[in-house]
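Okay, entry_11.cif now, which holds mmCIF, C-alpha atoms:
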```
data_coords
loop_
_atom_site.label_atom_id
_atom_site.label_comp_id
_atom_site.auth_asym_id
_atom_site.auth_seq_id
_atom_site.Cartn_x
_atom_site.Cartn_y
_atom_site.Cartn_z
CA MET A 1 -105.99 82.57 11.63
CA LYS A 2 -106.10 81.44 8.02
CA ALA A 3 -104.96 83.51 5.06
CA ASP A 4 -105.59 82.66 1.43
CA LEU A 5 -103.10 83.14 -1.38
CA LYS A 6 -104.60 86.47 -2.40
CA GLN A 7 -104.28 87.86 1.14
CA ILE A 8 -100.71 86.62 1.39
CA LYS A 9 -99.72 88.19 -1.94
CA GLN A 10 -101.28 91.51 -0.98
CA PHE A 11 -99.59 91.44 2.41
CA GLN A 12 -96.19 90.73 0.85
CA LYS A 13 -96.71 93.54 -1.65
CA THR A 14 -97.54 96.01 1.12
CA VAL A 15 -94.44 95.10 3.14
CA TRP A 16 -92.09 95.14 0.15
CA ASN A 17 -93.47 98.47 -1.07
CA TYR A 18 -92.76 100.07 2.29
CA TYR A 19 -89.25 98.64 2.30
CA LYS A 20 -88.50 99.96 -1.20
CA THR A 21 -89.22 103.52 -0.13
CA SER A 22 -88.27 103.59 3.56
CA ALA A 23 -85.72 100.87 4.34
CA ARG A 24 -83.16 101.57 7.06
CA HIS A 25 -80.12 100.62 4.98
CA ASN A 26 -77.87 102.84 7.11
CA LEU A 27 -77.97 100.57 10.17
CA PRO A 28 -74.36 99.49 10.80
CA TRP A 29 -75.15 95.80 11.25
CA ARG A 30 -76.78 95.79 7.82
CA LYS A 31 -73.77 97.33 6.13
CA ASN A 32 -71.30 94.69 7.28
CA ILE A 33 -73.12 91.39 7.64
CA ASN A 34 -71.26 88.82 9.65
CA PRO A 35 -72.38 86.59 12.54
CA TYR A 36 -70.56 88.61 15.21
CA HIS A 37 -72.14 91.91 14.17
CA ILE A 38 -75.61 90.41 13.84
CA TRP A 39 -75.33 88.65 17.19
CA VAL A 40 -74.20 91.77 19.09
CA SER A 41 -76.89 93.91 17.48
CA GLU A 42 -79.64 91.41 18.26
CA VAL A 43 -78.65 91.15 21.92
CA MET A 44 -78.52 94.94 22.25
CA LEU A 45 -81.85 95.35 20.49
CA GLN A 46 -83.65 93.04 22.90
CA GLN A 47 -84.40 95.83 25.37
CA THR A 48 -83.39 99.04 23.56
CA GLN A 49 -84.71 101.15 20.69
CA VAL A 50 -82.82 101.00 17.39
CA ASP A 51 -81.75 104.66 17.42
CA ARG A 52 -80.11 104.26 20.83
CA VAL A 53 -78.48 100.95 19.95
CA VAL A 54 -76.55 102.41 17.00
CA LYS A 55 -74.19 104.44 19.20
CA PHE A 56 -73.71 101.55 21.65
CA PHE A 57 -73.04 99.17 18.77
CA ASP A 58 -70.45 101.45 17.17
CA ALA A 59 -68.67 101.97 20.49
CA TRP A 60 -68.74 98.23 21.23
CA MET A 61 -67.17 97.38 17.88
CA LYS A 62 -64.36 99.84 18.44
CA GLN A 63 -63.60 98.23 21.80
CA PHE A 64 -64.28 94.59 20.82
CA PRO A 65 -64.04 94.36 17.01
CA THR A 66 -63.97 90.54 16.91
CA VAL A 67 -65.37 87.64 18.89
CA GLN A 68 -61.80 86.83 19.94
CA LYS A 69 -61.36 90.31 21.45
CA LEU A 70 -64.60 89.87 23.36
CA ALA A 71 -63.62 86.43 24.61
CA ASN A 72 -60.32 87.80 25.95
CA ALA A 73 -61.80 90.93 27.55
CA SER A 74 -62.30 91.16 31.30
CA GLN A 75 -65.77 91.27 32.78
CA ILE A 76 -65.03 94.77 34.09
CA GLU A 77 -64.18 95.99 30.56
CA ILE A 78 -67.32 94.41 29.13
CA LEU A 79 -69.67 95.81 31.77
CA LYS A 80 -68.11 99.25 31.39
CA GLN A 81 -68.84 99.18 27.66
CA TRP A 82 -72.33 97.81 28.28
CA LYS A 83 -73.26 100.56 30.75
CA GLY A 84 -76.48 102.25 29.72
CA LEU A 85 -78.03 99.21 28.06
CA GLY A 86 -79.24 97.54 31.25
CA TYR A 87 -79.66 93.84 32.10
CA ASN A 88 -75.94 93.25 32.61
CA SER A 89 -76.45 89.49 32.57
CA ARG A 90 -76.78 89.75 28.79
CA ALA A 91 -73.25 91.11 28.48
CA ILE A 92 -71.88 88.44 30.79
CA ARG A 93 -73.51 85.69 28.74
CA MET A 94 -72.08 87.27 25.60
CA LYS A 95 -68.58 86.90 27.01
CA GLN A 96 -69.32 83.27 27.91
CA ALA A 97 -70.64 82.60 24.41
CA ALA A 98 -67.60 84.29 22.84
CA GLN A 99 -65.30 82.08 24.90
CA ALA A 100 -67.23 78.99 23.77
CA ILE A 101 -67.02 80.06 20.12
CA VAL A 102 -63.26 80.51 20.41
CA SER A 103 -62.61 77.30 22.34
CA ASP A 104 -65.18 74.94 20.80
CA TYR A 105 -65.60 76.31 17.28
CA LYS A 106 -62.12 77.71 16.56
CA GLY A 107 -63.42 81.27 16.61
CA ARG A 108 -66.11 80.73 14.00
CA PHE A 109 -69.81 80.96 14.66
CA PRO A 110 -71.66 77.72 13.96
CA SER A 111 -74.05 78.04 11.01
CA ASP A 112 -76.42 75.37 12.25
CA TYR A 113 -79.57 76.66 14.00
CA SER A 114 -79.44 73.98 16.71
CA GLU A 115 -75.73 74.45 17.33
CA LEU A 116 -76.21 78.20 17.80
CA GLN A 117 -78.69 77.55 20.60
CA LYS A 118 -76.07 75.61 22.54
CA LEU A 119 -74.20 78.87 23.12
CA PRO A 120 -74.88 80.81 26.37
CA GLY A 121 -77.63 83.41 25.99
CA ILE A 122 -78.64 82.39 22.47
CA GLY A 123 -82.25 81.22 22.32
CA PRO A 124 -84.55 80.35 19.40
CA TYR A 125 -85.07 83.93 18.24
CA THR A 126 -81.41 85.00 18.29
CA ALA A 127 -80.35 81.74 16.62
CA GLY A 128 -83.04 82.29 14.00
CA ALA A 129 -81.98 85.90 13.45
CA ILE A 130 -78.35 84.86 12.90
CA SER A 131 -79.49 82.10 10.54
CA ALA A 132 -81.69 84.46 8.53
CA PHE A 133 -79.57 87.61 8.47
CA VAL A 134 -76.14 86.03 8.12
CA TYR A 135 -76.78 82.80 6.25
CA ASN A 136 -80.07 83.79 4.51
CA GLN A 137 -81.80 80.68 5.83
CA PRO A 138 -85.64 80.67 5.74
CA ILE A 139 -86.29 80.10 9.43
CA ALA A 140 -89.49 81.48 11.01
CA ILE A 141 -88.70 84.10 13.66
CA ILE A 142 -90.75 86.58 15.63
CA GLU A 143 -89.92 89.70 17.63
CA THR A 144 -91.68 92.93 18.60
CA ASN A 145 -91.87 94.61 15.20
CA ILE A 146 -92.71 91.42 13.31
CA ARG A 147 -95.43 90.69 15.86
CA ARG A 148 -96.83 94.19 15.39
CA VAL A 149 -97.07 93.83 11.60
CA PHE A 150 -98.99 90.56 11.74
CA ILE A 151 -101.37 91.78 14.42
CA HIS A 152 -102.12 94.85 12.32
CA HIS A 153 -102.83 92.90 9.14
CA PHE A 154 -104.37 89.66 10.38
CA PHE A 155 -105.53 90.02 14.00
CA GLN A 156 -107.08 93.48 14.32
CA ASP A 157 -110.32 92.08 15.76
CA HIS A 158 -108.57 89.78 18.23
CA THR A 159 -107.87 90.69 21.85
CA ASP A 160 -105.61 87.78 22.80
CA VAL A 161 -103.00 86.95 20.17
CA HIS A 162 -100.36 84.32 20.87
CA ASP A 163 -97.01 83.93 19.14
CA GLU A 164 -97.95 80.39 18.02
CA ASP A 165 -100.78 81.88 15.94
CA ILE A 166 -98.52 84.53 14.45
CA LEU A 167 -95.72 82.08 13.65
CA GLU A 168 -98.06 80.10 11.40
CA LEU A 169 -98.51 83.19 9.25
CA VAL A 170 -94.80 84.08 9.45
CA GLU A 171 -94.06 80.70 7.86
CA LYS A 172 -96.79 81.06 5.21
CA THR A 173 -95.73 84.55 4.13
CA LEU A 174 -91.95 84.06 4.39
CA ASP A 175 -89.95 84.89 1.27
CA LYS A 176 -87.85 81.73 1.21
CA LYS A 177 -85.59 83.02 -1.55
CA ASN A 178 -84.68 86.20 0.30
CA PRO A 179 -85.50 85.81 4.01
CA ARG A 180 -82.78 88.27 5.05
CA GLU A 181 -84.32 91.28 3.35
CA TRP A 182 -87.87 90.08 3.97
CA TYR A 183 -87.27 90.20 7.73
CA TRP A 184 -85.61 93.59 7.41
CA ALA A 185 -88.69 94.75 5.53
CA LEU A 186 -91.01 93.39 8.22
CA MET A 187 -88.99 95.02 11.00
CA ASP A 188 -88.83 98.39 9.27
CA TYR A 189 -92.54 98.30 8.53
CA GLY A 190 -93.27 97.22 12.11
CA SER A 191 -91.22 100.10 13.46
CA PHE A 192 -93.24 102.46 11.28
CA LEU A 193 -96.50 101.01 12.58
CA GLY A 194 -95.25 101.37 16.14
CA ARG A 195 -94.68 105.08 15.60
CA THR A 196 -98.07 105.67 14.01
CA LEU A 197 -100.36 103.12 15.68
CA ASN A 198 -100.86 101.66 19.12
CA ILE A 199 -100.41 97.97 18.34
CA LYS A 200 -99.21 95.52 20.93
CA GLY A 201 -98.82 91.78 20.92
CA LYS A 202 -98.67 89.14 23.58
CA LYS A 203 -95.07 88.02 23.99
#
```

Target format structure tokens, applied to this file:
Amino acid sequence: MKADLKQIKQFQKTVWNYYKTSARHNLPWRKNINPYHIWVSEVMLQQTQVDRVVKFFDAWMKQFPTVQKLANASQIEILKQWKGLGYNSRAIRMKQAAQAIVSDYKGRFPSDYSELQKLPGIGPYTAGAISAFVYNQPIAIIETNIRRVFIHHFFQDHTDVHDEDILELVEKTLDKKNPREWYWALMDYGSFLGRTLNIKGKK
């Protein structure tokens, strides 16, 4: 799918306009941006709606406020706190990653995209999300809400849309000066579309 400069500018304007009026600035991981908060929120959001994640996130941060606390916690403590989110393997990998961060990186998250993916449970999307949201790096990422936005604007007449096709447009439309807020805008707009339209993408 090709998009000319005029289409791209109009698309960006639409997304930014929605964000200006309806941004979810109250999300806790947006209020205190650090790699640990972003990482935990992204893992929780993989299988759970935002509204439900907020209470789990707040409770998690009270129990494990730092990556060091998580690394030192027992598996029983972690799974108890994770109860209700499902897919317990995610929590177990989080503990393993926390231990690696403490032992191999002196308790500090690596800022390099490739280095992040060496940690247990952190794949291309999560590494990209940490890079964009924490370090404001212009890396192309895609998840459910982002996918929904691009399908709505560029692939309405298509029945079989692949992420490779969408990623081309993600790169072309990316605000490289402010990727952090641009992705927030896309996600908020995508959430809105999900509530008002029946738009699905091929994962």

request  = Identify all residues satisfying the PyMOL selection byres ((chain A and resi 96) around 12) in the given file; provide them as a ChimeraX atom specification.
outcome  = /A:67-68,70-75,78,89-95,97-104,118-122

Using the chain letters and numbers from the file, give me the residues hit by the PyMOL selection byres ((chain A and resi 145-155) around 10), as a count of residues only. 42

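The residue that comes closest to Phe133 in chain A, out of A:Trp182, A:Tyr19, A:Tyr87, A:Trp60 and on the basis of all atoms listed in the file, is A:Trp182.
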
Which residues of range 64-146 of chain A sit at most 8 Å from range 30-46 of chain A, using only C-alpha atoms? Give each one's shortest atom pair and distance in Å (one decimal place), in chain and ascending residue order, as JSON lines.
```
{"residue": "A:Thr66", "atom": "CA", "partner": "A:Tyr36", "partner_atom": "CA", "distance": 7.1}
{"residue": "A:Val67", "atom": "CA", "partner": "A:Tyr36", "partner_atom": "CA", "distance": 6.4}
{"residue": "A:Leu85", "atom": "CA", "partner": "A:Met44", "partner_atom": "CA", "distance": 7.2}
{"residue": "A:Arg90", "atom": "CA", "partner": "A:Val43", "partner_atom": "CA", "distance": 7.3}
{"residue": "A:Phe109", "atom": "CA", "partner": "A:Pro35", "partner_atom": "CA", "distance": 6.5}
{"residue": "A:Thr126", "atom": "CA", "partner": "A:Glu42", "partner_atom": "CA", "distance": 6.6}
{"residue": "A:Ala129", "atom": "CA", "partner": "A:Glu42", "partner_atom": "CA", "distance": 7.7}
{"residue": "A:Ile130", "atom": "CA", "partner": "A:Pro35", "partner_atom": "CA", "distance": 6.2}
{"residue": "A:Phe133", "atom": "CA", "partner": "A:Ile38", "partner_atom": "CA", "distance": 7.2}
{"residue": "A:Val134", "atom": "CA", "partner": "A:Asn34", "partner_atom": "CA", "distance": 5.8}
```

What separates CA of Thr173 in chain A and CA of Gln137 in chain A is a distance of 14.6 Å

Between CA of Glu115 in chain A and CA of Ala127 in chain A - distance in Å to one decimal: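 CA of Ala127 in chain A sits 8.7 Å away from CA of Glu115 in chain A.
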
Asn178 in chain A proximity check over A:Trp16, A:Gln49, A:Asp112, A:Gln63, using all atoms listed in the file: winner is A:Trp16

Atoms are missing here; could range 165-196 of chain A be completed with N, CA and C atoms and written as a CSV table (one decimal), in the coordinates of the input?
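Wrote part32.csv, looks like this:
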```csv
chain,number,residue,atom,x,y,z
A,165,ASP,N,-99.9,81.5,17.0
A,165,ASP,CA,-100.8,81.9,15.9
A,165,ASP,C,-100.1,82.7,14.9
A,166,ILE,N,-99.2,83.7,15.4
A,166,ILE,CA,-98.5,84.5,14.4
A,166,ILE,C,-97.5,83.8,13.7
A,167,LEU,N,-96.8,82.8,14.3
A,167,LEU,CA,-95.7,82.1,13.6
A,167,LEU,C,-96.2,81.3,12.5
A,168,GLU,N,-97.5,80.8,12.5
A,168,GLU,CA,-98.1,80.1,11.4
A,168,GLU,C,-98.1,81.0,10.2
A,169,LEU,N,-98.5,82.3,10.4
A,169,LEU,CA,-98.5,83.2,9.2
A,169,LEU,C,-97.1,83.6,8.8
A,170,VAL,N,-96.2,83.7,9.8
A,170,VAL,CA,-94.8,84.1,9.4
A,170,VAL,C,-94.3,83.0,8.5
A,171,GLU,N,-94.5,81.8,8.7
A,171,GLU,CA,-94.1,80.7,7.9
A,171,GLU,C,-94.7,80.8,6.5
A,172,LYS,N,-96.0,81.0,6.5
A,172,LYS,CA,-96.8,81.1,5.2
A,172,LYS,C,-96.4,82.2,4.3
A,173,THR,N,-96.0,83.3,4.9
A,173,THR,CA,-95.7,84.6,4.1
A,173,THR,C,-94.2,84.7,3.9
A,174,LEU,N,-93.4,83.9,4.5
A,174,LEU,CA,-92.0,84.1,4.4
A,174,LEU,C,-91.4,84.0,2.9
A,175,ASP,N,-90.6,84.9,2.6
A,175,ASP,CA,-90.0,84.9,1.3
A,175,ASP,C,-88.7,84.0,1.4
A,176,LYS,N,-88.9,82.7,1.0
A,176,LYS,CA,-87.8,81.7,1.2
A,176,LYS,C,-86.6,81.9,0.3
A,177,LYS,N,-86.8,82.7,-0.7
A,177,LYS,CA,-85.6,83.0,-1.6
A,177,LYS,C,-84.8,84.2,-1.0
A,178,ASN,N,-85.4,85.0,-0.2
A,178,ASN,CA,-84.7,86.2,0.3
A,178,ASN,C,-85.2,86.5,1.7
A,179,PRO,N,-85.0,85.6,2.7
A,179,PRO,CA,-85.5,85.8,4.0
A,179,PRO,C,-84.8,87.0,4.7
A,180,ARG,N,-83.5,87.2,4.4
A,180,ARG,CA,-82.8,88.3,5.0
A,180,ARG,C,-83.5,89.6,4.9
A,181,GLU,N,-83.7,90.0,3.6
A,181,GLU,CA,-84.3,91.3,3.4
A,181,GLU,C,-85.8,91.3,3.7
A,182,TRP,N,-86.5,90.1,3.6
A,182,TRP,CA,-87.9,90.1,4.0
A,182,TRP,C,-88.0,90.4,5.5
A,183,TYR,N,-87.2,89.9,6.3
A,183,TYR,CA,-87.3,90.2,7.7
A,183,TYR,C,-86.9,91.7,8.0
A,184,TRP,N,-85.9,92.2,7.3
A,184,TRP,CA,-85.6,93.6,7.4
A,184,TRP,C,-86.8,94.4,7.0
A,185,ALA,N,-87.5,94.0,6.0
A,185,ALA,CA,-88.7,94.8,5.5
A,185,ALA,C,-89.8,94.7,6.6
A,186,LEU,N,-90.0,93.5,7.2
A,186,LEU,CA,-91.0,93.4,8.2
A,186,LEU,C,-90.7,94.3,9.4
A,187,MET,N,-89.4,94.2,9.8
A,187,MET,CA,-89.0,95.0,11.0
A,187,MET,C,-89.1,96.5,10.8
A,188,ASP,N,-88.7,97.0,9.6
A,188,ASP,CA,-88.8,98.4,9.3
A,188,ASP,C,-90.3,98.8,9.2
A,189,TYR,N,-91.1,98.0,8.6
A,189,TYR,CA,-92.5,98.3,8.5
A,189,TYR,C,-93.2,98.3,9.9
A,190,GLY,N,-92.8,97.3,10.7
A,190,GLY,CA,-93.3,97.2,12.1
A,190,GLY,C,-92.9,98.4,13.0
A,191,SER,N,-91.7,98.9,12.8
A,191,SER,CA,-91.2,100.1,13.5
A,191,SER,C,-92.1,101.3,13.1
A,192,PHE,N,-92.4,101.4,11.8
A,192,PHE,CA,-93.2,102.5,11.3
A,192,PHE,C,-94.6,102.4,11.9
A,193,LEU,N,-95.2,101.2,12.0
A,193,LEU,CA,-96.5,101.0,12.6
A,193,LEU,C,-96.5,101.4,14.1
A,194,GLY,N,-95.4,101.0,14.7
A,194,GLY,CA,-95.2,101.4,16.1
A,194,GLY,C,-95.2,102.9,16.4
A,195,ARG,N,-94.7,103.6,15.4
A,195,ARG,CA,-94.7,105.1,15.6
A,195,ARG,C,-96.0,105.7,15.3
A,196,THR,N,-96.8,105.0,14.5
A,196,THR,CA,-98.1,105.7,14.0
A,196,THR,C,-99.3,105.0,14.6
```
